[in-house]
Amino acid sequence: MLVKSEAPQKADMEVVLGGDASGGRILKGCELIQSGYVPHALVSGGGSYYGNHESVLAINLAIKKGCPPDFFIPVQFQANSTFEEAQHVIVELRRAHAHKVLIVTSPSHTARAGRIFRRLAPDLEIHTVASRDRKWNQGYWWRTREGRKLWLLETVKSVADSLGF
């Protein structure tokens with residue numbers, strides 16, 4: 001119910017979703033560009049921390065890890081949910097004339113993020129690709145307290161989304 005990660009494939013653009021303070025998502029996004037799957041990544045995020053938007057912080061981390069800055073396009077907005085984030089990002093994807101899109105997010109978030117993007121943009125071909133997430137523990141989430149909390153939160157969000165909340 002939570003994980004629907006696909007093998008990477010060639011696409012017009014990728015979206016690196018916000019909500020990952022560890023950097024796994026942005027580094028996976030860099031890896032996909034370096035491997036030739038996409039030319040650029042829209043980097044989103046829900047808000048600002050200490051005066052810096054989450055997308056800028058993520059891009060700065062990737063640059064420090066050796067990723068070229070021209071790989072990334074920051075998309076700055078305020079959002080409180082994946083649904084709100086998708087609404088903003090879809091506008092940018094259409095502006096960029098992207099049709100086939102990779103959504104890069106944490107494993108436990110792939111299924112819900114994919115459903116939201118497909119529901120809001122049925123005209124786009126959406127594929128989800130999982131990044132590394134230490135809390136998810138390569139699928140062994142129940143072995144740690146943080147993993148169990150992550151599973152519970154994502155399960156509740158998935159149920160709420162399916163009920164239209």
# chains A, B, ... in the order shown; residues from 1 in each chain; ligands from 1
$ select_by_dssp --residues "chain A" --states "strand (DSSP E)" --output "list in words"
Met13, Glu14, Val15, Val16, Ala41, Leu42, Val43, Ser48, Tyr49, Asn52, His53, Phe72, Ile73, Pro74, Lys100, Val101, Leu102, Ile103, Val104, Thr105, Glu125, Ile126, His127, Thr128, Val129 and Ala130 of chain A
$ closest_atom_pairs --of "range 114-159 of chain A" --to "range 17-33 of chain A" --cutoff "9 Å" --atoms "only C-alpha atoms" --output "tab-separated table"
residue	atom	partner	partner_atom	distance
A:Val129	CA	A:Lys28	CA	8.7
A:Ala130	CA	A:Arg25	CA	7.8
A:Ser131	CA	A:Arg25	CA	5.1
A:Arg132	CA	A:Gly24	CA	5.3
A:Asp133	CA	A:Gly24	CA	6.3
A:Arg134	CA	A:Ser22	CA	8.6
$ closest_residue --among "A:Ser5, A:Gln76, A:Gln34, A:Asn137" --to "Gly114 in chain A" --atoms "only C-alpha atoms"
A:Ser5
$ atom_distance --atom1 "CA of Thr155 in chain A" --atom2 "CA of Ala111 in chain A"
10.7 Å
